[in-house]
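Q: Please see the structure below; I have some questions.
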Amino acid sequence: MILSDYLVEMINDKLIVQNFKTDHAFTIFAMNGNKLVKENDLIRIGNGPYEMVYPSCFVDKATQDIYFYDSKDNSVDYYKINAESSNLYQKENWTKFKSSSFNDYFLGTNGGFATMGDSAYVIVGGGLDKTNMLSVVHKEKDIIIDTNASFPEDNCYAEIITKRVIYNNGGIRSRGIGNQYLYYGWSGNYAEIFSFKNVHEVSRKSVVNDFTIYTTSDDGMNPKGDIENLRGLKAYTTNKYIYLMPYPLRNKDFIDKNDYKGYPNFYNEDIFVFDWEGNFVKSYTLDKLINTFVISEDDSSLFGITADENGEYQILKCNLD
């Protein structure tokens, strides 16, 4: 039985599930034919060794490294584990990194991290008075650099800090080859490809751009949304394709309603596929609704987490044509 409905990463024959109902943040399963075999629980919630406050996971397919990272107090801590190591679960072999606390910066806390080669990583967030969505951290120099990946032109007038709150509420995924990244929002229906020539030269290509509608609330900082807003995206990327699954319907459709087609209101069955030029390729409608999903690197299989009639979580596998 799976104890969580968040399937966050896949690498080789391993699936990584993020837990919200156990003491450990992550569980790694190995695929053995049509069976899943639990291998280990990793990263406790807390402030001690091998513990994190806001745990997240990123997999670098190029280097076969798994990153468990924590963005808190305007700093980024992570453990790096090589997935091909025979000593994968021996913690003394993990590489630990802790950045400085970047004052006057406001960073995203979940899903906003991706490596840029061996020496840097991209994160969601930026300076409190800056308009860049993404920043780059150089590990050895321990410095943060503002990129020119600025907020999109969403036609919403608001304070910079309000836009920062809106666009920190999103994630990034990398292509795995070259310095290309997908940003996807957790409100509205907005996703965009960012291609880095260097940290100061970033080109962009819109994938979907139905932006969330918002204004600045009376506190002068937090956004005030609209009931007509779409509800955000979930995403996964391979070297070939971008896969997007929207949250169903709009905010107004779930006032006093918690289910969608008999499932929780954050499940869906529709997945849309784009190439790395931003072109629509195809779509899939699954037989069962799922919450989160991953795709095999050869784009042949989808693994998603669904719930059965008893509310227990199950991982399903779909062959993609």
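Convention: chains lettered A, B, ... in structure tokens order; per-chain residue numbering from 1; ligands numbered from 1 as shown.
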Return as a VMD selection string the full set of residues in segment 125-291 of chain A whose backbone-based DSSP assignment is helix (DSSP H, G or I).
A: chain A and resid 160 to 168 251 to 254
Q: Write the residues of the preceding selection, restricted to N, CA, C and O atoms, as an mmCIF file, in the first residue's frame.
A:
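Okay, this is what ended up in part-v7.cif:
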```
data_model
loop_
_atom_site.group_PDB
_atom_site.id
_atom_site.type_symbol
_atom_site.label_atom_id
_atom_site.label_comp_id
_atom_site.auth_asym_id
_atom_site.auth_seq_id
_atom_site.Cartn_x
_atom_site.Cartn_y
_atom_site.Cartn_z
ATOM 1 N N ILE A 160 5.332 44.845 -6.622
ATOM 2 C CA ILE A 160 6.324 43.824 -6.956
ATOM 3 C C ILE A 160 6.250 42.650 -5.991
ATOM 4 O O ILE A 160 6.304 41.480 -6.396
ATOM 5 N N ILE A 161 6.088 42.941 -4.712
ATOM 6 C CA ILE A 161 6.047 41.868 -3.725
ATOM 7 C C ILE A 161 4.828 40.977 -3.950
ATOM 8 O O ILE A 161 4.885 39.769 -3.726
ATOM 9 N N THR A 162 3.737 41.560 -4.439
ATOM 10 C CA THR A 162 2.545 40.762 -4.735
ATOM 11 C C THR A 162 2.801 39.834 -5.907
ATOM 12 O O THR A 162 2.440 38.645 -5.880
ATOM 13 N N LYS A 163 3.449 40.342 -6.948
ATOM 14 C CA LYS A 163 3.812 39.486 -8.075
ATOM 15 C C LYS A 163 4.793 38.404 -7.646
ATOM 16 O O LYS A 163 4.735 37.259 -8.129
ATOM 17 N N ARG A 164 5.684 38.743 -6.739
ATOM 18 C CA ARG A 164 6.615 37.746 -6.219
ATOM 19 C C ARG A 164 5.860 36.596 -5.550
ATOM 20 O O ARG A 164 6.181 35.428 -5.745
ATOM 21 N N VAL A 165 4.846 36.905 -4.763
ATOM 22 C CA VAL A 165 4.046 35.859 -4.121
ATOM 23 C C VAL A 165 3.361 34.990 -5.179
ATOM 24 O O VAL A 165 3.351 33.755 -5.076
ATOM 25 N N ILE A 166 2.786 35.629 -6.204
ATOM 26 C CA ILE A 166 2.096 34.879 -7.265
ATOM 27 C C ILE A 166 3.050 33.925 -7.975
ATOM 28 O O ILE A 166 2.768 32.724 -8.138
ATOM 29 N N TYR A 167 4.203 34.422 -8.412
ATOM 30 C CA TYR A 167 5.075 33.609 -9.260
ATOM 31 C C TYR A 167 6.061 32.754 -8.475
ATOM 32 O O TYR A 167 6.677 31.852 -9.051
ATOM 33 N N ASN A 168 6.199 32.991 -7.169
ATOM 34 C CA ASN A 168 6.899 32.013 -6.335
ATOM 35 C C ASN A 168 6.041 30.770 -6.145
ATOM 36 O O ASN A 168 6.540 29.714 -5.752
ATOM 37 N N ASN A 251 -11.818 28.126 -9.915
ATOM 38 C CA ASN A 251 -12.061 28.261 -8.476
ATOM 39 C C ASN A 251 -13.550 28.277 -8.139
ATOM 40 O O ASN A 251 -13.990 27.674 -7.163
ATOM 41 N N LYS A 252 -14.341 28.955 -8.964
ATOM 42 C CA LYS A 252 -15.765 29.103 -8.670
ATOM 43 C C LYS A 252 -16.510 27.770 -8.702
ATOM 44 O O LYS A 252 -17.569 27.628 -8.082
ATOM 45 N N ASP A 253 -15.950 26.784 -9.418
ATOM 46 C CA ASP A 253 -16.624 25.499 -9.552
ATOM 47 C C ASP A 253 -16.495 24.633 -8.303
ATOM 48 O O ASP A 253 -17.156 23.588 -8.210
ATOM 49 N N PHE A 254 -15.646 25.054 -7.363
ATOM 50 C CA PHE A 254 -15.429 24.224 -6.180
ATOM 51 C C PHE A 254 -15.794 24.950 -4.887
ATOM 52 O O PHE A 254 -15.322 24.593 -3.813
#
```
Q: For the strand (DSSP E) assignment from backbone DSSP, which residues of segment 139-283 of chain A qualify? Please present them as number ranges by chain.
A: A: 143-146, 170-174, 180-185, 189-198, 201-210, 215-216, 223-224, 233-237, 241-246, 259-260, 263-264, 268-275, 280-283
Q: Residues of segment 227-305 of chain A within 12 Å of segment 13-31 of chain A: nearest atom pair and distance (Å, one decimal) for each, counting only C-alpha atoms, sorted by chain and number, as CSV?
A:
```
residue,atom,partner,partner_atom,distance
A:Thr292,CA,A:Val17,CA,9.8
A:Phe293,CA,A:Val17,CA,10.2
A:Val294,CA,A:Leu15,CA,8.5
A:Ile295,CA,A:Leu15,CA,10.3
A:Ser296,CA,A:Asp13,CA,9.2
A:Glu297,CA,A:Asp13,CA,10.7
A:Leu302,CA,A:Leu15,CA,11.5
A:Phe303,CA,A:Leu15,CA,8.9
A:Gly304,CA,A:Leu15,CA,10.4
A:Ile305,CA,A:Val17,CA,9.5
```
Q: Using only C-alpha atoms, find each residue in segment 192-226 of chain A having at least one atom no more than 8 Å away from segment 137-150 of chain A; report its shortest atom-to-atom pair and that distance in Å (one decimal), rows by chain then rising number, as a tab-separated table.
A:
```
residue	atom	partner	partner_atom	distance
A:Phe194	CA	A:Ala149	CA	7.6
A:Val199	CA	A:Thr147	CA	5.6
A:His200	CA	A:Thr147	CA	5.4
A:Glu201	CA	A:Asn148	CA	6.8
A:Val202	CA	A:Ala149	CA	6.3
A:Ser203	CA	A:Ala149	CA	7.9
A:Arg204	CA	A:Ala149	CA	7.9
```
Q: Any idea what's packed within 9 Å of segment 263-275 of chain A, counting only C-alpha atoms, ignoring anything in its chain fewer than 6 positions away? Could you give it as a count of residues only?
A: 27
Q: Hey, what's within 8 Å of Lys72 of chain A if we count only C-alpha atoms and toss same-chain stuff fewer than 6 positions away? As an mmCIF file with C-alpha atoms, in the first residue's frame, please?
A:
```cif
data_model
loop_
_atom_site.group_PDB
_atom_site.id
_atom_site.type_symbol
_atom_site.label_atom_id
_atom_site.label_comp_id
_atom_site.auth_asym_id
_atom_site.auth_seq_id
_atom_site.Cartn_x
_atom_site.Cartn_y
_atom_site.Cartn_z
ATOM 1 C CA VAL A 53 11.453 21.651 7.037
ATOM 2 C CA TYR A 54 10.205 22.044 3.458
ATOM 3 C CA THR A 109 9.711 26.774 -0.875
#
```
Q: Could you jot down the atom CA of Val136 of chain A to atom CA of Ser101 of chain A separation for me, Å, one decimal place?
A: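 Answer for the atom CA of Val136 of chain A to atom CA of Ser101 of chain A separation: 14.1 Å.
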Q: Nearest to Asp60 of chain A among A:Gly225, A:Gly278, A:Gly48, A:Gly117, with distances taken over only C-alpha atoms: which residue is it?
A: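 For Asp60 of chain A, the nearest of the candidates is A:Gly117.
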Q: Compare A:Ser71, A:Asn319, A:Ser206, A:Asn40 by their minimum atom-to-atom distance to Val124 of chain A, counting only C-alpha atoms, and give me the closest one.
A: A:Ser71
Q: Could you jot down the atom CA of Ile315 of chain A to atom CA of Asp259 of chain A separation for me, Å, one decimal place?
A: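 These atoms are spaced 20.1 Å apart.
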Q: Hey, what's within 12 Å of Asp65 of chain A if we count only C-alpha atoms and toss same-chain stuff fewer than 4 positions away? As a list in words, please?
A: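 The contact residues come out as Glu9, Met10, Ile11, Asn12, Cys57, Phe58, Val59, Asp60, Lys61, Tyr78, Tyr79, Lys80, Ile81, Asn82, Ala83, Glu84, Ser85, Leu88, Trp94, Thr95, Ala114, Thr115, Gly117, Asp118 and Gly176 of chain A.
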Q: Please determine, counting only C-alpha atoms, which residue among A:Pro223, A:Gly170, A:Lys317, A:Gly262 has the shortest atom-to-atom distance to Gly33 of chain A.
A: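 The closest residue to Gly33 of chain A is A:Lys317.
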Q: In Å, how far is it from atom CA of Asn239 of chain A to atom CA of Leu134 of chain A?
A: 21.0 Å
Q: Which residue, A:Val76, A:Met116, A:Leu42, A:Val208, has the smallest gap to Ala62 of chain A when you use only C-alpha atoms?
A: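 Once distances to Ala62 of chain A are computed over only C-alpha atoms, the minimum belongs to A:Met116.
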Q: For a quick check of understanding, using only C-alpha atoms, which of A:Lys35, A:Glu159, A:Glu312, A:Phe113 has the smallest distance to Asn222 of chain A?
A: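 Among the listed residues, A:Glu159 lies closest to Asn222 of chain A.
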